[in-house]
Amino acid sequence: MIDTAAIKINRVAQSSIHELDVENIPFAKIYSDHMFIADYRDGEWRDLRIEPYQPLALSPATSAIHYGISIFEGMKGYKNADGEVLLFRPEQNARRLNVSAERMCIPEVPESLFMDALTELVRLDSQWVPNHPGTSLYIRPCVFATDEYIGIKPSENFKFIIITCPVGAYYSKPVNVKIETHFSRAFEGGTGYAKAAGNYAASLYPAKLAQQEGYDQLIWTDGKTHQYIEESGTMNVMFIINDTLVTAPASGTILKGITRDSVLTIARDWGMVVEERPVAVKEIVEAARRGEIQEAFGVGTAATIAQIASIGFEDERFQLNDVKTREFSNKVLVELDNIKTGKVEDRFGWTYKV
Ligand code: COI
C-alpha cells in the first residue's frame with residue numbers, strides 16, 4: 001500500500017510565473033514551477049515528491065533512451081469563474097496509462113497515486129492555470145524505464161513524472177492533411193492503442209515527407225491494406241457525411257481518445273446519428289469528390305478540435321467547406337469548453353475539482 005499522503009514537497013525559492021505573458025501563451029514552451037517524481041524499485045513506487053521543475057540526471061545507459069520503454073498521457077486543467085481549478089476526466093487518463101503500461105512491460109501506477117500526485121501538483125501550481133479564452137494548463141504524466149542496462153529485457157526500475165505547462169492553441173489554423181497509403185502508424189498486434197513514446201517517434205518521418213509536399217499532417221490508414229482510415233496526425237479523426245458523424249472504432253490500432261469519447265457522447269446526447277465503424281478511404285475520397293463531406297476534424301487533448309481544411313489523396317487535393325460554416329464541430333468545441341470551465345452543468349460528471 002502506497003502512502004500517498006507522504007508526498008514530500010520542496011518548493012521553488014522563487015516562482016517564474018512572471019515570465020508568462022498571459023495574453024500570448026505559446027504551446028508548451030514555458031513550464032510551471034514544480035514537477036512530481038516517483039521512483040519504482042524493488043517492486044514498489046517510492047520516494048513520492050514534488051520538486052522544482054528541473055533537468056533529470058540519468059545514466060547514458062538508461063533503457064528508456066535506448067529502447068523507448070516509455071509511455072505518457074495528456075490532459076488539461078481549466079479555471080472556473082470562481083478561480084477554482086477543474087481537470088477534465090483525469091481518471092480516464094489514469095486508466096489509459098495503465099493500459100499502455102501493460103503493453104510496454106511497465107508497472108501499474110495505482111489510480112490513487114496518479115490522482116493524489118496530480119492533485120497535489122496542480123494545487124501547488126494553481127496560479128499557472130491560465131483563464132484566458134483558448135488557454136489551459138496542459139498536464140503531461142510520463143512513465144519510463146530507468147534500468148542502467150544495455151541488454152533488452154523488461155526494466156526493473158522506472159520513474160513516474162508529471163510536468164505541467166500553460167498552453168494556448170496547438171494548431172493556429174485549420175490543417176491540410178494527406179491520406180497516407182505507404183507508411184503506417186500502427187498494425188494489428190502492435191502498440192497503436194497504447195500511448196507509447198515510439199508511436200510518436202515513428203510518425204515523424206512520414207509526416208515530414210508530407211510537409212515537404214505542402215501538407216501539415218497525415219491521415220493514417222490501416223497497416224495491412226491502407227484502405228481504411230484510422231487517425232489523423234496525433235489525433236482521432238471524425239467526418240460528417242449525410243448528417244452522420246462517422247469515426248473509426250477504437251480498436252487495437254487506434255488510441256482510445258478521451259476527447260474522442262467526449263465528442264461522441266455529446267453528439268449522441270444531442271440526438272446526432274453516430275457511427276463507429278470502419279471508414280473506407282474510398283468512401284471519404286468519393287464523398288470529397290462529390291463535395292459531400294460536411295465536416296472533417298481531428299479530436300485530441302492538445303488541439304481539442306482541429307479543423308481539416310483540405311484532404312489530399314494520391315494526386316488529388318480536396319478543399320473542404322469553410323470551417324466557419326461547420327455547425328457540429330464548432331458547437332461541440334464551445335460545449336466542451338463550457339463543460340471544462342464550469343460554465344454549464346457538468347451533466348456527464350467529467351470535471352474534477354482540484
Ligand atoms: C495530446 O493531444 O495531448 C497528445 O498527447 C498529442 C501530443 C503530440 C501533444
# chains A, B, ... in the order shown; residues from 1 in each chain; ligands from 1
$ residues_around --residues "Gly77 of chain A" --least-positions-apart "6" --cutoff "9 Å" --atoms "only C-alpha atoms" --output "list of chain:residue names"
A:Val85, A:Leu86, A:Leu87, A:Phe88, A:Val122, A:Val129, A:Pro130, A:Ser136, A:Leu137, A:Tyr138, A:Ile139, A:Lys340, A:Thr341
$ residues_near_ligand --ligand "ligand 1" --cutoff "7 Å" --atoms "only C-alpha atoms and all ligand atoms" --output "PyMOL selection string"
chain A and resi 73-75+234-235+300-303
$ write_last_selection --atoms "N, CA, C and O atoms" --output "compact mmCIF listing (two decimals), in the first residue's frame"
# COMPACT_ATOMS: atom_id res chain seq x y z
N GLU A 73 0.76 10.43 -20.94
CA GLU A 73 -0.63 10.85 -21.02
C GLU A 73 -0.67 12.35 -21.28
O GLU A 73 0.34 13.05 -21.11
N GLY A 74 -1.83 12.83 -21.68
CA GLY A 74 -2.01 14.27 -21.85
C GLY A 74 -3.39 14.63 -21.33
O GLY A 74 -4.36 13.93 -21.62
N MET A 75 -3.46 15.64 -20.51
CA MET A 75 -4.78 16.10 -20.06
C MET A 75 -4.70 17.60 -19.79
O MET A 75 -3.60 18.17 -19.83
N THR A 234 -1.69 13.21 -34.57
CA THR A 234 -1.68 12.64 -33.22
C THR A 234 -3.09 12.61 -32.63
O THR A 234 -3.26 12.58 -31.42
N MET A 235 -4.08 12.62 -33.51
CA MET A 235 -5.48 12.70 -33.02
C MET A 235 -6.36 11.62 -33.64
O MET A 235 -6.02 11.06 -34.68
N GLY A 300 -8.46 15.60 -30.13
CA GLY A 300 -7.39 15.17 -29.24
C GLY A 300 -7.28 16.14 -28.08
O GLY A 300 -7.89 17.22 -28.11
N THR A 301 -6.51 15.77 -27.07
CA THR A 301 -6.40 16.63 -25.90
C THR A 301 -5.77 17.97 -26.24
O THR A 301 -6.29 19.03 -25.90
N ALA A 302 -4.62 17.92 -26.91
CA ALA A 302 -3.87 19.15 -27.15
C ALA A 302 -4.68 20.14 -27.99
O ALA A 302 -4.80 21.30 -27.66
N ALA A 303 -5.26 19.65 -29.09
CA ALA A 303 -5.95 20.55 -30.02
C ALA A 303 -7.45 20.68 -29.70
O ALA A 303 -8.09 21.61 -30.15
$ closest_atom_pairs --of "segment 12-125 of chain A" --to "segment 251-257 of chain A" --cutoff "10 Å" --atoms "only C-alpha atoms" --output "tab-separated table"
residue	atom	partner	partner_atom	distance
A:Gln92	CA	A:Gly257	CA	9.6
A:Asn93	CA	A:Gly257	CA	9.5
A:Arg96	CA	A:Lys256	CA	8.1
A:Ser100	CA	A:Leu255	CA	10.0
$ closest_atom_pairs --of "segment 159-272 of chain A" --to "segment 317-328 of chain A" --cutoff "12 Å" --atoms "only C-alpha atoms" --output "JSON lines"
{"residue": "A:Lys173", "atom": "CA", "partner": "A:Val323", "partner_atom": "CA", "distance": 10.1}
{"residue": "A:Pro174", "atom": "CA", "partner": "A:Val323", "partner_atom": "CA", "distance": 7.8}
{"residue": "A:Val175", "atom": "CA", "partner": "A:Val323", "partner_atom": "CA", "distance": 10.7}
{"residue": "A:Asn176", "atom": "CA", "partner": "A:Gln319", "partner_atom": "CA", "distance": 8.8}
{"residue": "A:Val177", "atom": "CA", "partner": "A:Arg317", "partner_atom": "CA", "distance": 9.3}
{"residue": "A:Lys178", "atom": "CA", "partner": "A:Arg317", "partner_atom": "CA", "distance": 8.4}
{"residue": "A:Ile179", "atom": "CA", "partner": "A:Arg317", "partner_atom": "CA", "distance": 10.0}
{"residue": "A:Glu213", "atom": "CA", "partner": "A:Arg317", "partner_atom": "CA", "distance": 11.4}
{"residue": "A:Gly214", "atom": "CA", "partner": "A:Arg317", "partner_atom": "CA", "distance": 11.0}
{"residue": "A:Tyr215", "atom": "CA", "partner": "A:Arg317", "partner_atom": "CA", "distance": 10.2}
{"residue": "A:Met238", "atom": "CA", "partner": "A:Phe328", "partner_atom": "CA", "distance": 11.2}
{"residue": "A:Phe239", "atom": "CA", "partner": "A:Phe328", "partner_atom": "CA", "distance": 10.4}
{"residue": "A:Ile240", "atom": "CA", "partner": "A:Phe328", "partner_atom": "CA", "distance": 8.6}
{"residue": "A:Ile241", "atom": "CA", "partner": "A:Phe328", "partner_atom": "CA", "distance": 11.7}
{"residue": "A:Asp243", "atom": "CA", "partner": "A:Phe328", "partner_atom": "CA", "distance": 9.6}
{"residue": "A:Thr244", "atom": "CA", "partner": "A:Phe328", "partner_atom": "CA", "distance": 10.5}
{"residue": "A:Leu245", "atom": "CA", "partner": "A:Phe328", "partner_atom": "CA", "distance": 9.2}
{"residue": "A:Val263", "atom": "CA", "partner": "A:Phe328", "partner_atom": "CA", "distance": 10.0}
{"residue": "A:Leu264", "atom": "CA", "partner": "A:Phe328", "partner_atom": "CA", "distance": 11.3}
{"residue": "A:Ile266", "atom": "CA", "partner": "A:Phe328", "partner_atom": "CA", "distance": 10.3}
{"residue": "A:Ala267", "atom": "CA", "partner": "A:Phe328", "partner_atom": "CA", "distance": 8.3}
{"residue": "A:Arg268", "atom": "CA", "partner": "A:Phe328", "partner_atom": "CA", "distance": 11.9}
{"residue": "A:Trp270", "atom": "CA", "partner": "A:Phe328", "partner_atom": "CA", "distance": 10.0}
{"residue": "A:Gly271", "atom": "CA", "partner": "A:Phe328", "partner_atom": "CA", "distance": 11.7}
{"residue": "A:Met272", "atom": "CA", "partner": "A:Phe328", "partner_atom": "CA", "distance": 9.4}
$ atom_distance --atom1 "atom CA of Ala5 of chain A" --atom2 "atom CA of Pro110 of chain A"
13.9 Å
$ residues_around --residues "Ile50 of chain A" --least-positions-apart "2" --cutoff "10 Å" --atoms "only C-alpha atoms" --output "list in words"
Ile7, Lys8, Ile9, Asn10, Arg11, His34, Met35, Phe36, Ile37, Ala38, Asp47, Leu48, Pro52, Tyr53, Ala117, Glu120, Leu121, Leu124, Ile161 and Ile162 of chain A
$ closest_residue --among "A:Ala6, A:Ile339, A:Val273, A:Val237" --to "Ile308 of chain A" --atoms "only C-alpha atoms"
A:Val237
$ atom_distance --atom1 "atom CA of Gly134 of chain A" --atom2 "atom CA of Leu20 of chain A"
15.5 Å
$ select_by_dssp --residues "segment 98-183 of chain A" --states "alpha helix (DSSP H)" --output "list of chain:residue names"
A:Asn98, A:Val99, A:Ser100, A:Ala101, A:Glu102, A:Arg103, A:Glu111, A:Ser112, A:Leu113, A:Phe114, A:Met115, A:Asp116, A:Ala117, A:Leu118, A:Thr119, A:Glu120, A:Leu121, A:Val122, A:Arg123, A:Leu124
$ closest_atom_pairs --of "segment 304-328 of chain A" --to "segment 180-189 of chain A" --cutoff "9 Å" --atoms "only C-alpha atoms" --output "tab-separated table"
residue	atom	partner	partner_atom	distance
A:Gly312	CA	A:Glu180	CA	8.9
A:Phe313	CA	A:Glu180	CA	7.8
A:Glu314	CA	A:Thr181	CA	8.5
$ atom_distance --atom1 "atom CA of Trp350 of chain A" --atom2 "atom CA of Gly168 of chain A"
21.6 Å
$ closest_atom_pairs --of "segment 133-238 of chain A" --to "segment 40-46 of chain A" --cutoff "10 Å" --atoms "only C-alpha atoms" --output "Markdown table"
| residue | atom | partner | partner_atom | distance |
| --- | --- | --- | --- | --- |
| A:Val143 | CA | A:Tyr40 | CA | 9.8 |
| A:Phe144 | CA | A:Tyr40 | CA | 9.9 |
| A:Ala145 | CA | A:Tyr40 | CA | 9.1 |
| A:Thr146 | CA | A:Tyr40 | CA | 9.0 |
| A:Asp147 | CA | A:Arg41 | CA | 9.7 |
| A:Ser155 | CA | A:Arg41 | CA | 9.9 |
| A:Glu156 | CA | A:Arg41 | CA | 6.5 |
| A:Asn157 | CA | A:Arg41 | CA | 5.0 |
| A:Phe158 | CA | A:Tyr40 | CA | 4.9 |
| A:Lys159 | CA | A:Tyr40 | CA | 6.1 |
| A:Phe160 | CA | A:Tyr40 | CA | 7.8 |
$ write_last_selection --atoms "N, CA, C and O atoms" --output "short mmCIF file (atom, residue, chain, number, x, y, z; two decimals), in the first residue's frame"
data_model
loop_
_atom_site.label_atom_id
_atom_site.label_comp_id
_atom_site.auth_asym_id
_atom_site.auth_seq_id
_atom_site.Cartn_x
_atom_site.Cartn_y
_atom_site.Cartn_z
N VAL A 143 5.77 7.78 -17.76
CA VAL A 143 6.47 6.73 -17.00
C VAL A 143 7.51 6.10 -17.92
O VAL A 143 7.18 5.74 -19.06
N PHE A 144 8.73 6.00 -17.45
CA PHE A 144 9.77 5.44 -18.32
C PHE A 144 10.76 4.60 -17.54
O PHE A 144 10.94 4.76 -16.32
N ALA A 145 11.40 3.67 -18.26
CA ALA A 145 12.31 2.69 -17.66
C ALA A 145 13.66 3.32 -17.37
O ALA A 145 14.22 4.03 -18.22
N THR A 146 14.19 3.04 -16.19
CA THR A 146 15.48 3.66 -15.82
C THR A 146 16.57 2.63 -15.51
O THR A 146 17.61 2.99 -14.96
N ASP A 147 16.36 1.36 -15.87
CA ASP A 147 17.46 0.40 -15.66
C ASP A 147 18.70 0.90 -16.40
O ASP A 147 18.59 1.35 -17.55
N SER A 155 12.42 -3.66 -17.85
CA SER A 155 13.19 -2.94 -16.82
C SER A 155 12.65 -3.26 -15.43
O SER A 155 11.51 -3.71 -15.28
N GLU A 156 13.48 -3.06 -14.42
CA GLU A 156 13.03 -3.25 -13.03
C GLU A 156 12.88 -1.91 -12.31
O GLU A 156 12.37 -1.84 -11.20
N ASN A 157 13.39 -0.87 -12.93
CA ASN A 157 13.36 0.47 -12.31
C ASN A 157 12.70 1.46 -13.28
O ASN A 157 12.96 1.41 -14.49
N PHE A 158 11.91 2.35 -12.70
CA PHE A 158 11.16 3.31 -13.53
C PHE A 158 11.05 4.64 -12.82
O PHE A 158 11.20 4.71 -11.59
N LYS A 159 10.75 5.67 -13.57
CA LYS A 159 10.35 6.94 -12.99
C LYS A 159 8.95 7.27 -13.49
O LYS A 159 8.64 7.04 -14.67
N PHE A 160 8.12 7.81 -12.59
CA PHE A 160 6.82 8.37 -12.96
C PHE A 160 6.94 9.86 -12.69
O PHE A 160 7.23 10.26 -11.55
#
$ closest_residue --among "A:Ser329, A:Lys79, A:Ala288, A:Tyr31" --to "Pro55 of chain A" --atoms "only C-alpha atoms"
A:Tyr31
$ closest_residue --among "A:Asp39, A:Asp125, A:Glu148, A:Asp346" --to "Ala64 of chain A" --atoms "only C-alpha atoms"
A:Glu148
$ residues_around --residues "Ala250 of chain A" --least-positions-apart "6" --cutoff "12 Å" --atoms "only C-alpha atoms" --output "PDB file with N, CA, C and O atoms, in the first residue's frame"
ATOM      1  N   GLY A 192      -0.480   0.402 -31.349  1.00  0.00           N
ATOM      2  CA  GLY A 192      -1.286   1.560 -31.747  1.00  0.00           C
ATOM      3  C   GLY A 192      -2.227   2.070 -30.673  1.00  0.00           C
ATOM      4  O   GLY A 192      -2.468   3.268 -30.562  1.00  0.00           O
ATOM      5  N   TYR A 193      -2.783   1.167 -29.864  1.00  0.00           N
ATOM      6  CA  TYR A 193      -3.763   1.572 -28.846  1.00  0.00           C
ATOM      7  C   TYR A 193      -3.087   2.154 -27.601  1.00  0.00           C
ATOM      8  O   TYR A 193      -3.758   2.718 -26.736  1.00  0.00           O
ATOM      9  N   ALA A 194      -1.773   1.982 -27.503  1.00  0.00           N
ATOM     10  CA  ALA A 194      -1.048   2.471 -26.318  1.00  0.00           C
ATOM     11  C   ALA A 194      -0.505   3.868 -26.590  1.00  0.00           C
ATOM     12  O   ALA A 194      -0.217   4.218 -27.732  1.00  0.00           O
ATOM     13  N   ILE A 229      -9.407   4.347 -42.949  1.00  0.00           N
ATOM     14  CA  ILE A 229      -8.898   5.496 -42.197  1.00  0.00           C
ATOM     15  C   ILE A 229      -8.756   5.116 -40.726  1.00  0.00           C
ATOM     16  O   ILE A 229      -9.656   4.489 -40.168  1.00  0.00           O
ATOM     17  N   GLU A 230      -7.658   5.533 -40.099  1.00  0.00           N
ATOM     18  CA  GLU A 230      -7.502   5.248 -38.660  1.00  0.00           C
ATOM     19  C   GLU A 230      -7.463   6.527 -37.821  1.00  0.00           C
ATOM     20  O   GLU A 230      -8.371   6.813 -37.086  1.00  0.00           O
ATOM     21  N   GLU A 231      -6.375   7.277 -37.911  1.00  0.00           N
ATOM     22  CA  GLU A 231      -6.250   8.502 -37.095  1.00  0.00           C
ATOM     23  C   GLU A 231      -5.758   9.635 -37.996  1.00  0.00           C
ATOM     24  O   GLU A 231      -5.426   9.404 -39.154  1.00  0.00           O
ATOM     25  N   MET A 235      -4.084  12.617 -33.513  1.00  0.00           N
ATOM     26  CA  MET A 235      -5.480  12.702 -33.023  1.00  0.00           C
ATOM     27  C   MET A 235      -6.362  11.620 -33.639  1.00  0.00           C
ATOM     28  O   MET A 235      -6.019  11.062 -34.684  1.00  0.00           O
ATOM     29  N   ASN A 236      -7.508  11.401 -33.028  1.00  0.00           N
ATOM     30  CA  ASN A 236      -8.559  10.622 -33.694  1.00  0.00           C
ATOM     31  C   ASN A 236      -9.174  11.531 -34.753  1.00  0.00           C
ATOM     32  O   ASN A 236      -9.013  12.747 -34.695  1.00  0.00           O
ATOM     33  N   VAL A 237      -9.861  10.935 -35.719  1.00  0.00           N
ATOM     34  CA  VAL A 237     -10.413  11.765 -36.792  1.00  0.00           C
ATOM     35  C   VAL A 237     -11.890  11.430 -37.009  1.00  0.00           C
ATOM     36  O   VAL A 237     -12.295  10.278 -36.871  1.00  0.00           O
ATOM     37  N   LYS A 256      -7.599   5.107 -27.870  1.00  0.00           N
ATOM     38  CA  LYS A 256      -8.954   5.360 -27.351  1.00  0.00           C
ATOM     39  C   LYS A 256      -8.974   6.763 -26.769  1.00  0.00           C
ATOM     40  O   LYS A 256      -8.795   6.950 -25.559  1.00  0.00           O
ATOM     41  N   GLY A 257      -9.181   7.743 -27.615  1.00  0.00           N
ATOM     42  CA  GLY A 257      -9.073   9.137 -27.196  1.00  0.00           C
ATOM     43  C   GLY A 257     -10.163   9.527 -26.209  1.00  0.00           C
ATOM     44  O   GLY A 257     -11.333   9.153 -26.377  1.00  0.00           O
ATOM     45  N   ILE A 258      -9.790  10.300 -25.207  1.00  0.00           N
ATOM     46  CA  ILE A 258     -10.763  10.770 -24.208  1.00  0.00           C
ATOM     47  C   ILE A 258     -11.590  11.902 -24.825  1.00  0.00           C
ATOM     48  O   ILE A 258     -12.803  11.991 -24.606  1.00  0.00           O
ATOM     49  N   ARG A 260     -12.147  12.018 -28.011  1.00  0.00           N
ATOM     50  CA  ARG A 260     -12.980  11.239 -28.940  1.00  0.00           C
ATOM     51  C   ARG A 260     -14.254  10.773 -28.246  1.00  0.00           C
ATOM     52  O   ARG A 260     -15.366  11.005 -28.727  1.00  0.00           O
ATOM     53  N   ASP A 261     -14.090  10.147 -27.085  1.00  0.00           N
ATOM     54  CA  ASP A 261     -15.248   9.634 -26.349  1.00  0.00           C
ATOM     55  C   ASP A 261     -16.183  10.778 -25.935  1.00  0.00           C
ATOM     56  O   ASP A 261     -17.409  10.644 -26.002  1.00  0.00           O
ATOM     57  N   LEU A 264     -18.165  12.022 -28.979  1.00  0.00           N
ATOM     58  CA  LEU A 264     -19.203  11.050 -29.368  1.00  0.00           C
ATOM     59  C   LEU A 264     -20.365  11.056 -28.366  1.00  0.00           C
ATOM     60  O   LEU A 264     -21.536  10.977 -28.752  1.00  0.00           O
ATOM     61  N   GLU A 275     -21.840   6.898 -36.069  1.00  0.00           N
ATOM     62  CA  GLU A 275     -21.422   5.555 -36.495  1.00  0.00           C
ATOM     63  C   GLU A 275     -19.951   5.358 -36.187  1.00  0.00           C
ATOM     64  O   GLU A 275     -19.105   6.072 -36.719  1.00  0.00           O
ATOM     65  N   GLU A 276     -19.666   4.387 -35.307  1.00  0.00           N
ATOM     66  CA  GLU A 276     -18.280   3.974 -35.057  1.00  0.00           C
ATOM     67  C   GLU A 276     -18.107   2.700 -35.866  1.00  0.00           C
ATOM     68  O   GLU A 276     -18.610   1.643 -35.487  1.00  0.00           O
ATOM     69  N   ARG A 277     -17.427   2.817 -36.987  1.00  0.00           N
ATOM     70  CA  ARG A 277     -17.318   1.671 -37.901  1.00  0.00           C
ATOM     71  C   ARG A 277     -16.109   1.888 -38.809  1.00  0.00           C
ATOM     72  O   ARG A 277     -15.592   3.011 -38.906  1.00  0.00           O
ATOM     73  N   PRO A 278     -15.643   0.818 -39.466  1.00  0.00           N
ATOM     74  CA  PRO A 278     -14.533   1.031 -40.397  1.00  0.00           C
ATOM     75  C   PRO A 278     -14.905   2.090 -41.443  1.00  0.00           C
ATOM     76  O   PRO A 278     -16.014   2.065 -41.987  1.00  0.00           O
ATOM     77  N   VAL A 279     -14.013   3.049 -41.653  1.00  0.00           N
ATOM     78  CA  VAL A 279     -14.275   4.134 -42.600  1.00  0.00           C
ATOM     79  C   VAL A 279     -13.319   3.946 -43.780  1.00  0.00           C
ATOM     80  O   VAL A 279     -12.103   4.086 -43.641  1.00  0.00           O
TER      81      VAL A 279
END
$ select_by_dssp --residues "segment 92-222 of chain A" --states "strand (DSSP E or B)" --output "NGL selection string"
:A and (136-145 or 148 or 158-167 or 175-179 or 196 or 217-221)
$ decode --residues "segment 271-280 of chain A" --atoms "all heavy atoms" --output "mmCIF file, in the first residue's frame"
data_model
loop_
_atom_site.group_PDB
_atom_site.id
_atom_site.type_symbol
_atom_site.label_atom_id
_atom_site.label_comp_id
_atom_site.auth_asym_id
_atom_site.auth_seq_id
_atom_site.Cartn_x
_atom_site.Cartn_y
_atom_site.Cartn_z
ATOM 1 N N GLY A 271 -28.649 13.917 -29.999
ATOM 2 C CA GLY A 271 -29.528 13.205 -30.934
ATOM 3 C C GLY A 271 -28.929 13.022 -32.313
ATOM 4 O O GLY A 271 -29.638 12.684 -33.272
ATOM 5 N N MET A 272 -27.647 13.221 -32.425
ATOM 6 C CA MET A 272 -26.989 13.078 -33.728
ATOM 7 C C MET A 272 -26.814 11.583 -34.043
ATOM 8 O O MET A 272 -26.618 10.773 -33.136
ATOM 9 C CB MET A 272 -25.624 13.752 -33.576
ATOM 10 C CG MET A 272 -24.814 13.762 -34.798
ATOM 11 S SD MET A 272 -24.297 15.445 -35.064
ATOM 12 C CE MET A 272 -23.482 15.231 -36.625
ATOM 13 N N VAL A 273 -26.860 11.235 -35.315
ATOM 14 C CA VAL A 273 -26.582 9.841 -35.699
ATOM 15 C C VAL A 273 -25.062 9.668 -35.690
ATOM 16 O O VAL A 273 -24.335 10.435 -36.336
ATOM 17 C CB VAL A 273 -27.152 9.521 -37.100
ATOM 18 C CG1 VAL A 273 -26.905 8.049 -37.454
ATOM 19 C CG2 VAL A 273 -28.633 9.857 -37.161
ATOM 20 N N VAL A 274 -24.596 8.675 -34.911
ATOM 21 C CA VAL A 274 -23.153 8.446 -34.762
ATOM 22 C C VAL A 274 -22.841 7.034 -35.228
ATOM 23 O O VAL A 274 -23.516 6.085 -34.828
ATOM 24 C CB VAL A 274 -22.736 8.610 -33.273
ATOM 25 C CG1 VAL A 274 -21.284 8.206 -33.070
ATOM 26 C CG2 VAL A 274 -22.973 10.043 -32.796
ATOM 27 N N GLU A 275 -21.840 6.898 -36.069
ATOM 28 C CA GLU A 275 -21.422 5.555 -36.495
ATOM 29 C C GLU A 275 -19.951 5.358 -36.187
ATOM 30 O O GLU A 275 -19.105 6.072 -36.719
ATOM 31 C CB GLU A 275 -21.688 5.383 -37.998
ATOM 32 C CG GLU A 275 -23.162 5.341 -38.341
ATOM 33 C CD GLU A 275 -23.425 5.195 -39.845
ATOM 34 O OE1 GLU A 275 -22.455 5.098 -40.636
ATOM 35 O OE2 GLU A 275 -24.623 5.187 -40.201
ATOM 36 N N GLU A 276 -19.666 4.387 -35.307
ATOM 37 C CA GLU A 276 -18.280 3.974 -35.057
ATOM 38 C C GLU A 276 -18.107 2.700 -35.866
ATOM 39 O O GLU A 276 -18.610 1.643 -35.487
ATOM 40 C CB GLU A 276 -18.062 3.684 -33.576
ATOM 41 C CG GLU A 276 -18.049 4.906 -32.708
ATOM 42 C CD GLU A 276 -17.820 4.540 -31.238
ATOM 43 O OE1 GLU A 276 -16.688 4.240 -30.862
ATOM 44 O OE2 GLU A 276 -18.807 4.554 -30.483
ATOM 45 N N ARG A 277 -17.427 2.817 -36.987
ATOM 46 C CA ARG A 277 -17.318 1.671 -37.901
ATOM 47 C C ARG A 277 -16.109 1.888 -38.809
ATOM 48 O O ARG A 277 -15.592 3.011 -38.906
ATOM 49 C CB ARG A 277 -18.585 1.555 -38.729
ATOM 50 C CG ARG A 277 -18.876 2.836 -39.529
ATOM 51 C CD ARG A 277 -19.809 2.586 -40.686
ATOM 52 N NE ARG A 277 -20.242 3.791 -41.368
ATOM 53 C CZ ARG A 277 -19.561 4.408 -42.330
ATOM 54 N NH1 ARG A 277 -18.364 3.978 -42.700
ATOM 55 N NH2 ARG A 277 -20.067 5.487 -42.915
ATOM 56 N N PRO A 278 -15.643 0.818 -39.466
ATOM 57 C CA PRO A 278 -14.533 1.031 -40.397
ATOM 58 C C PRO A 278 -14.905 2.090 -41.443
ATOM 59 O O PRO A 278 -16.014 2.065 -41.987
ATOM 60 C CB PRO A 278 -14.345 -0.347 -41.041
ATOM 61 C CG PRO A 278 -14.923 -1.309 -40.035
ATOM 62 C CD PRO A 278 -16.054 -0.576 -39.371
ATOM 63 N N VAL A 279 -14.013 3.049 -41.653
ATOM 64 C CA VAL A 279 -14.275 4.134 -42.600
ATOM 65 C C VAL A 279 -13.319 3.946 -43.780
ATOM 66 O O VAL A 279 -12.103 4.086 -43.641
ATOM 67 C CB VAL A 279 -14.031 5.518 -41.941
ATOM 68 C CG1 VAL A 279 -14.353 6.645 -42.908
ATOM 69 C CG2 VAL A 279 -14.850 5.661 -40.654
ATOM 70 N N ALA A 280 -13.883 3.580 -44.928
ATOM 71 C CA ALA A 280 -13.026 3.291 -46.090
ATOM 72 C C ALA A 280 -12.456 4.581 -46.680
ATOM 73 O O ALA A 280 -13.153 5.596 -46.761
ATOM 74 C CB ALA A 280 -13.826 2.541 -47.145
#
